[in-house]
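Q: I have a structure here, written as structure tokens, and I will follow up with some questions on it.
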Amino acid sequence: MVLWGGDPREADGQHLVEWTVDEDIHWGQNTGPASSVGPELRQEAHQVIMSGLLHLTDDGAACLQLGHWSVLFDLASPVPDSLDGSWVQISVGSASVSVYPFRI
């Protein structure tokens, strides 16, 4: 379960959302190579597990592509440049993940 950043009365149903993750990528700690190819999003106990394509940005951040959407992360430790475009798995505390509804 993650934090809902919208009106609690409007939480039920389907929404387009923006993801906010308040944990950084720590390569070798909360981030590593994915065990399989393909996007995945699941929860285990108090952790949110995300698997996707990692894209390193020019300004020292990273973007995890989960299918049709992306989640932006800051880097707490360097990620080898050779991993840009590879499948990785990131595990973060569910309390550090929020979703905010938006309309197009």
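Letters A, B, ... go to the chains of the structure tokens in the order shown; residues in each chain start at 1; ligands are counted from 1 in the same order.
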When you look at A:Leu72 with a cut-off of 9 Å (counting only C-alpha atoms), what residues show up, excluding the ones that are within fewer than 2 positions of it in the same chain? I need them as a list in words.

A: Trp19, Thr20, Val21, Ala61, Ala62, Cys63, Leu64, Gln65, Ser70 and Asp74 of chain A

Q: Print the selection's residues with N, CA, C and O atoms to a file, as a PDB file, in the first residue's frame.

A:
ATOM      1  N   TRP A  19       3.812   9.247  -9.943  1.00  0.00           N
ATOM      2  CA  TRP A  19       4.501   8.560  -8.850  1.00  0.00           C
ATOM      3  C   TRP A  19       5.558   9.462  -8.246  1.00  0.00           C
ATOM      4  O   TRP A  19       6.298  10.140  -8.960  1.00  0.00           O
ATOM      5  N   THR A  20       5.670   9.451  -6.937  1.00  0.00           N
ATOM      6  CA  THR A  20       6.743  10.122  -6.223  1.00  0.00           C
ATOM      7  C   THR A  20       7.377   9.088  -5.295  1.00  0.00           C
ATOM      8  O   THR A  20       6.672   8.446  -4.517  1.00  0.00           O
ATOM      9  N   VAL A  21       8.694   8.923  -5.404  1.00  0.00           N
ATOM     10  CA  VAL A  21       9.412   7.989  -4.535  1.00  0.00           C
ATOM     11  C   VAL A  21      10.474   8.793  -3.796  1.00  0.00           C
ATOM     12  O   VAL A  21      11.350   9.395  -4.410  1.00  0.00           O
ATOM     13  N   ALA A  61      20.827  11.739 -12.324  1.00  0.00           N
ATOM     14  CA  ALA A  61      19.647  11.059 -11.780  1.00  0.00           C
ATOM     15  C   ALA A  61      19.401   9.804 -12.615  1.00  0.00           C
ATOM     16  O   ALA A  61      20.199   9.448 -13.480  1.00  0.00           O
ATOM     17  N   ALA A  62      18.308   9.140 -12.357  1.00  0.00           N
ATOM     18  CA  ALA A  62      17.940   7.951 -13.116  1.00  0.00           C
ATOM     19  C   ALA A  62      16.432   7.905 -13.277  1.00  0.00           C
ATOM     20  O   ALA A  62      15.683   8.424 -12.452  1.00  0.00           O
ATOM     21  N   CYS A  63      16.022   7.277 -14.336  1.00  0.00           N
ATOM     22  CA  CYS A  63      14.603   7.109 -14.628  1.00  0.00           C
ATOM     23  C   CYS A  63      14.364   5.615 -14.815  1.00  0.00           C
ATOM     24  O   CYS A  63      15.086   4.953 -15.557  1.00  0.00           O
ATOM     25  N   LEU A  64      13.389   5.075 -14.123  1.00  0.00           N
ATOM     26  CA  LEU A  64      13.017   3.678 -14.272  1.00  0.00           C
ATOM     27  C   LEU A  64      11.763   3.609 -15.128  1.00  0.00           C
ATOM     28  O   LEU A  64      10.714   4.130 -14.749  1.00  0.00           O
ATOM     29  N   GLN A  65      11.884   2.981 -16.285  1.00  0.00           N
ATOM     30  CA  GLN A  65      10.748   2.850 -17.199  1.00  0.00           C
ATOM     31  C   GLN A  65       9.995   1.575 -16.861  1.00  0.00           C
ATOM     32  O   GLN A  65      10.519   0.469 -16.976  1.00  0.00           O
ATOM     33  N   SER A  70       7.178   6.232 -16.360  1.00  0.00           N
ATOM     34  CA  SER A  70       8.520   6.298 -15.787  1.00  0.00           C
ATOM     35  C   SER A  70       8.469   6.891 -14.389  1.00  0.00           C
ATOM     36  O   SER A  70       7.597   7.692 -14.075  1.00  0.00           O
ATOM     37  N   ASP A  74      16.728   9.862  -7.667  1.00  0.00           N
ATOM     38  CA  ASP A  74      18.059  10.418  -7.454  1.00  0.00           C
ATOM     39  C   ASP A  74      19.002   9.259  -7.175  1.00  0.00           C
ATOM     40  O   ASP A  74      18.581   8.202  -6.694  1.00  0.00           O
TER      41      ASP A  74
END

Q: Need to verify the contact set: A:Trp27, 8 Å, only C-alpha atoms, exclusion of same-chain residues closer than 5 positions in sequence. Can you return it as a CSV table (one decimal) with all heavy atoms, in the first residue's frame?

A:
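File selection.csv, as written:
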chain,number,residue,atom,x,y,z
A,32,GLY,N,19.5,-3.5,-7.9
A,32,GLY,CA,20.4,-4.5,-8.5
A,32,GLY,C,19.8,-5.0,-9.8
A,32,GLY,O,18.7,-4.6,-10.2
A,77,SER,N,24.3,6.5,-4.8
A,77,SER,CA,25.6,6.0,-5.1
A,77,SER,C,25.7,5.8,-6.6
A,77,SER,O,24.7,5.7,-7.3
A,77,SER,CB,25.8,4.6,-4.4
A,77,SER,OG,24.9,3.7,-4.8
A,78,PRO,N,26.9,5.8,-7.2
A,78,PRO,CA,27.1,5.7,-8.6
A,78,PRO,C,26.5,4.4,-9.2
A,78,PRO,O,26.7,3.3,-8.5
A,78,PRO,CB,28.6,5.8,-8.9
A,78,PRO,CG,29.2,6.3,-7.6
A,78,PRO,CD,28.2,6.0,-6.5
A,79,VAL,N,26.0,4.4,-10.3
A,79,VAL,CA,25.5,3.2,-11.1
A,79,VAL,C,26.5,3.1,-12.3
A,79,VAL,O,26.7,4.1,-13.0
A,79,VAL,CB,24.1,3.4,-11.5
A,79,VAL,CG1,23.7,2.2,-12.4
A,79,VAL,CG2,23.1,3.5,-10.3

Q: When distances are computed from only C-alpha atoms, which of A:Glu44, A:Asp24, A:Asp12, A:Glu18 shows the smallest separation from A:Ser94?

A: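 With only C-alpha atoms as the atom set, the closest residue is A:Glu44.
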
Q: Determine the nearest neighbour of A:Ser98 from the options A:Val71, A:Glu40, A:Asp59, A:Pro33, counting only C-alpha atoms.

A: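 Using only C-alpha atoms, A:Ser98 sits closest to A:Val71.
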
Q: Please, what distance in Å, to one decimal, runs between atom CA of A:Ser36 and atom CA of A:His55?

A: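 Between atom CA of A:Ser36 and atom CA of A:His55 the gap is 17.2 Å.
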
Q: Measuring atom to atom with only C-alpha atoms, identify which of A:Glu23, A:Val88, A:Ser35, A:Ala76 is nearest to A:Ser51.

A: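 The shortest atom-to-atom distance to A:Ser51 comes from A:Val88.
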
Q: Name the residues of chain A that fall into helix (DSSP H, G or I) according to DSSP on the backbone, using the chain letters and numbers of this document, as a PyMOL selection string.

A: chain A and resi 8-10+81-83+94-96

Q: Using only all heavy atoms, please write the residues we just selected to a file, as a tab-separated table (two decimals), in the first residue's frame.

A:
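Output saved as out.tsv:
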chain	number	residue	atom	x	y	z
A	8	PRO	N	-9.09	12.05	-0.40
A	8	PRO	CA	-9.41	10.69	0.05
A	8	PRO	C	-10.78	10.20	-0.42
A	8	PRO	O	-10.97	9.01	-0.63
A	8	PRO	CB	-9.38	10.79	1.58
A	8	PRO	CG	-8.60	12.01	1.88
A	8	PRO	CD	-8.77	12.94	0.72
A	9	ARG	N	-11.72	11.11	-0.63
A	9	ARG	CA	-13.06	10.72	-1.09
A	9	ARG	C	-13.05	10.27	-2.54
A	9	ARG	O	-14.00	9.67	-3.01
A	9	ARG	CB	-14.03	11.88	-0.90
A	9	ARG	CG	-14.21	12.27	0.56
A	9	ARG	CD	-14.96	13.55	0.69
A	9	ARG	NE	-14.11	14.60	0.12
A	9	ARG	CZ	-14.38	15.89	0.11
A	9	ARG	NH1	-15.49	16.31	0.62
A	9	ARG	NH2	-13.56	16.76	-0.40
A	10	GLU	N	-11.96	10.57	-3.27
A	10	GLU	CA	-11.87	10.21	-4.68
A	10	GLU	C	-10.85	9.10	-4.94
A	10	GLU	O	-10.44	8.89	-6.07
A	10	GLU	CB	-11.52	11.45	-5.50
A	10	GLU	CG	-12.57	12.53	-5.44
A	10	GLU	CD	-12.16	13.80	-6.16
A	10	GLU	OE1	-11.06	13.83	-6.74
A	10	GLU	OE2	-12.94	14.76	-6.13
A	81	ASP	N	27.92	3.04	-15.79
A	81	ASP	CA	27.36	3.51	-17.06
A	81	ASP	C	26.91	2.35	-17.94
A	81	ASP	O	25.99	2.49	-18.74
A	81	ASP	CB	28.37	4.37	-17.82
A	81	ASP	CG	28.57	5.73	-17.18
A	81	ASP	OD1	27.68	6.18	-16.44
A	81	ASP	OD2	29.64	6.34	-17.41
A	82	SER	N	27.56	1.20	-17.81
A	82	SER	CA	27.22	0.04	-18.64
A	82	SER	C	25.81	-0.48	-18.35
A	82	SER	O	25.26	-1.23	-19.14
A	82	SER	CB	28.24	-1.08	-18.42
A	82	SER	OG	28.22	-1.50	-17.07
A	83	LEU	N	25.21	-0.06	-17.24
A	83	LEU	CA	23.87	-0.52	-16.89
A	83	LEU	C	22.77	0.37	-17.45
A	83	LEU	O	21.58	0.05	-17.29
A	83	LEU	CB	23.73	-0.63	-15.37
A	83	LEU	CG	24.65	-1.69	-14.76
A	83	LEU	CD1	24.60	-1.63	-13.25
A	83	LEU	CD2	24.27	-3.06	-15.27
A	94	SER	N	7.35	1.13	1.37
A	94	SER	CA	6.06	1.58	0.84
A	94	SER	C	5.67	2.95	1.37
A	94	SER	O	4.96	3.71	0.69
A	94	SER	CB	4.96	0.56	1.13
A	94	SER	OG	4.85	0.32	2.51
A	95	ALA	N	6.13	3.32	2.56
A	95	ALA	CA	5.82	4.64	3.10
A	95	ALA	C	6.51	5.76	2.34
A	95	ALA	O	6.13	6.92	2.45
A	95	ALA	CB	6.21	4.71	4.58
A	96	SER	N	7.52	5.42	1.52
A	96	SER	CA	8.22	6.45	0.75
A	96	SER	C	7.64	6.62	-0.65
A	96	SER	O	8.14	7.41	-1.44
A	96	SER	CB	9.71	6.11	0.64
A	96	SER	OG	9.91	4.99	-0.19

Q: For atom CA of A:Gly85 and atom CA of A:Pro101, determine how far apart the two atoms are, in Å to one decimal place.

A: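 We find that atom CA of A:Gly85 and atom CA of A:Pro101 lie 28.1 Å from each other.
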
Q: So which residues touch A:Met50 within 7 Å, counting only C-alpha atoms, skipping near sequence neighbours fewer than 6 positions away, as a ChimeraX atom specification?

A: /A:40-42,89-91

Q: Excluding same-chain residues fewer than 3 positions from A:Val92, what lies within 8 Å of it counting only C-alpha atoms, as a short mmCIF file (atom, residue, chain, number, x, y, z; two decimals) with all heavy atoms, in the first residue's frame?

A:
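Result file follows (around38.cif):
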data_model
loop_
_atom_site.label_atom_id
_atom_site.label_comp_id
_atom_site.auth_asym_id
_atom_site.auth_seq_id
_atom_site.Cartn_x
_atom_site.Cartn_y
_atom_site.Cartn_z
N GLU A 23 12.92 7.81 -1.92
CA GLU A 23 14.15 7.06 -1.62
C GLU A 23 15.03 7.13 -2.85
O GLU A 23 14.55 7.10 -3.98
CB GLU A 23 13.85 5.60 -1.28
CG GLU A 23 13.34 5.39 0.12
CD GLU A 23 13.29 3.92 0.51
OE1 GLU A 23 14.25 3.17 0.21
OE2 GLU A 23 12.28 3.54 1.11
N ASN A 30 19.53 -1.25 -2.40
CA ASN A 30 18.11 -1.35 -2.73
C ASN A 30 17.88 -1.50 -4.24
O ASN A 30 16.75 -1.55 -4.69
CB ASN A 30 17.32 -0.15 -2.19
CG ASN A 30 17.63 1.15 -2.90
OD1 ASN A 30 18.59 1.27 -3.66
ND2 ASN A 30 16.82 2.16 -2.64
N GLN A 47 7.54 -3.27 1.53
CA GLN A 47 8.41 -2.86 0.42
C GLN A 47 7.63 -2.84 -0.89
O GLN A 47 6.78 -3.70 -1.13
CB GLN A 47 9.58 -3.85 0.26
CG GLN A 47 10.52 -3.91 1.43
CD GLN A 47 11.37 -2.66 1.51
OE1 GLN A 47 11.97 -2.23 0.53
NE2 GLN A 47 11.43 -2.05 2.68
N VAL A 48 7.91 -1.85 -1.72
CA VAL A 48 7.40 -1.80 -3.08
C VAL A 48 8.56 -2.20 -3.98
O VAL A 48 9.66 -1.61 -3.89
CB VAL A 48 6.88 -0.39 -3.45
CG1 VAL A 48 6.49 -0.33 -4.92
CG2 VAL A 48 5.70 -0.02 -2.56
N ILE A 49 8.34 -3.20 -4.81
CA ILE A 49 9.37 -3.73 -5.70
C ILE A 49 9.01 -3.30 -7.12
O ILE A 49 7.91 -3.60 -7.60
CB ILE A 49 9.45 -5.27 -5.64
CG1 ILE A 49 9.45 -5.78 -4.20
CG2 ILE A 49 10.63 -5.78 -6.45
CD1 ILE A 49 10.62 -5.39 -3.37
N SER A 96 7.52 5.42 1.52
CA SER A 96 8.22 6.45 0.75
C SER A 96 7.64 6.62 -0.65
O SER A 96 8.14 7.41 -1.44
CB SER A 96 9.71 6.11 0.64
OG SER A 96 9.91 4.99 -0.19
N VAL A 97 6.58 5.90 -0.97
CA VAL A 97 5.96 5.96 -2.29
C VAL A 97 4.59 6.63 -2.18
O VAL A 97 3.77 6.26 -1.35
CB VAL A 97 5.80 4.55 -2.90
CG1 VAL A 97 5.16 4.63 -4.28
CG2 VAL A 97 7.15 3.85 -2.98
#

Q: Grab the atom CA of A:Ser86 to atom CA of A:Gly67 distance for me, in Å with one decimal place.

A: 13.6 Å

Q: Write out as a VMD selection string all residues of chain A that DSSP puts in strand (DSSP E) for this structure's backbone.

A: chain A and resid 3 to 4 17 to 21 31 to 33 40 to 44 47 to 56 61 to 66 69 to 74 87 to 93 97 to 101

Q: Emit the selected residues as a short mmCIF file (atom, residue, chain, number, x, y, z; two decimals), in the first residue's frame, including C-alpha atoms.

A:
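To be explicit, this is the file written out as again-v4.cif:
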data_model
loop_
_atom_site.label_atom_id
_atom_site.label_comp_id
_atom_site.auth_asym_id
_atom_site.auth_seq_id
_atom_site.Cartn_x
_atom_site.Cartn_y
_atom_site.Cartn_z
CA LEU A 3 0.31 6.94 0.09
CA TRP A 4 -2.56 8.56 -1.85
CA VAL A 17 -1.30 9.07 -11.45
CA GLU A 18 2.11 10.61 -10.98
CA TRP A 19 4.50 8.56 -8.85
CA THR A 20 6.74 10.12 -6.22
CA VAL A 21 9.41 7.99 -4.53
CA THR A 31 18.88 -1.68 -6.46
CA GLY A 32 20.38 -4.45 -8.54
CA PRO A 33 19.99 -6.41 -11.76
CA GLU A 40 6.93 -5.48 -12.78
CA LEU A 41 5.35 -3.71 -9.82
CA ARG A 42 4.49 -5.55 -6.63
CA GLN A 43 4.41 -5.17 -2.87
CA GLU A 44 6.08 -7.51 -0.38
CA GLN A 47 8.41 -2.86 0.42
CA VAL A 48 7.40 -1.80 -3.08
CA ILE A 49 9.37 -3.73 -5.70
CA MET A 50 9.74 -2.16 -9.15
CA SER A 51 11.47 -3.79 -12.11
CA GLY A 52 12.05 -1.86 -15.29
CA LEU A 53 14.52 -0.40 -17.73
CA LEU A 54 17.01 1.93 -16.09
CA HIS A 55 17.94 5.12 -17.93
CA LEU A 56 20.68 7.33 -16.50
CA ALA A 61 19.65 11.06 -11.78
CA ALA A 62 17.94 7.95 -13.12
CA CYS A 63 14.60 7.11 -14.63
CA LEU A 64 13.02 3.68 -14.27
CA GLN A 65 10.75 2.85 -17.20
CA LEU A 66 7.86 0.65 -16.06
CA TRP A 69 5.31 5.23 -17.50
CA SER A 70 8.52 6.30 -15.79
CA VAL A 71 9.59 7.01 -12.22
CA LEU A 72 12.40 9.49 -11.55
CA PHE A 73 15.04 8.66 -8.91
CA ASP A 74 18.06 10.42 -7.45
CA TRP A 87 16.68 -4.24 -16.56
CA VAL A 88 16.98 -3.52 -12.83
CA GLN A 89 14.94 -4.09 -9.70
CA ILE A 90 14.47 -1.35 -7.08
CA SER A 91 13.06 -2.07 -3.62
CA VAL A 92 11.83 0.88 -1.51
CA GLY A 93 9.75 1.27 1.63
CA VAL A 97 5.96 5.96 -2.29
CA SER A 98 3.08 8.31 -3.09
CA VAL A 99 0.74 8.59 -6.04
CA TYR A 100 -1.01 11.80 -7.06
CA PRO A 101 -3.96 11.87 -9.46
#
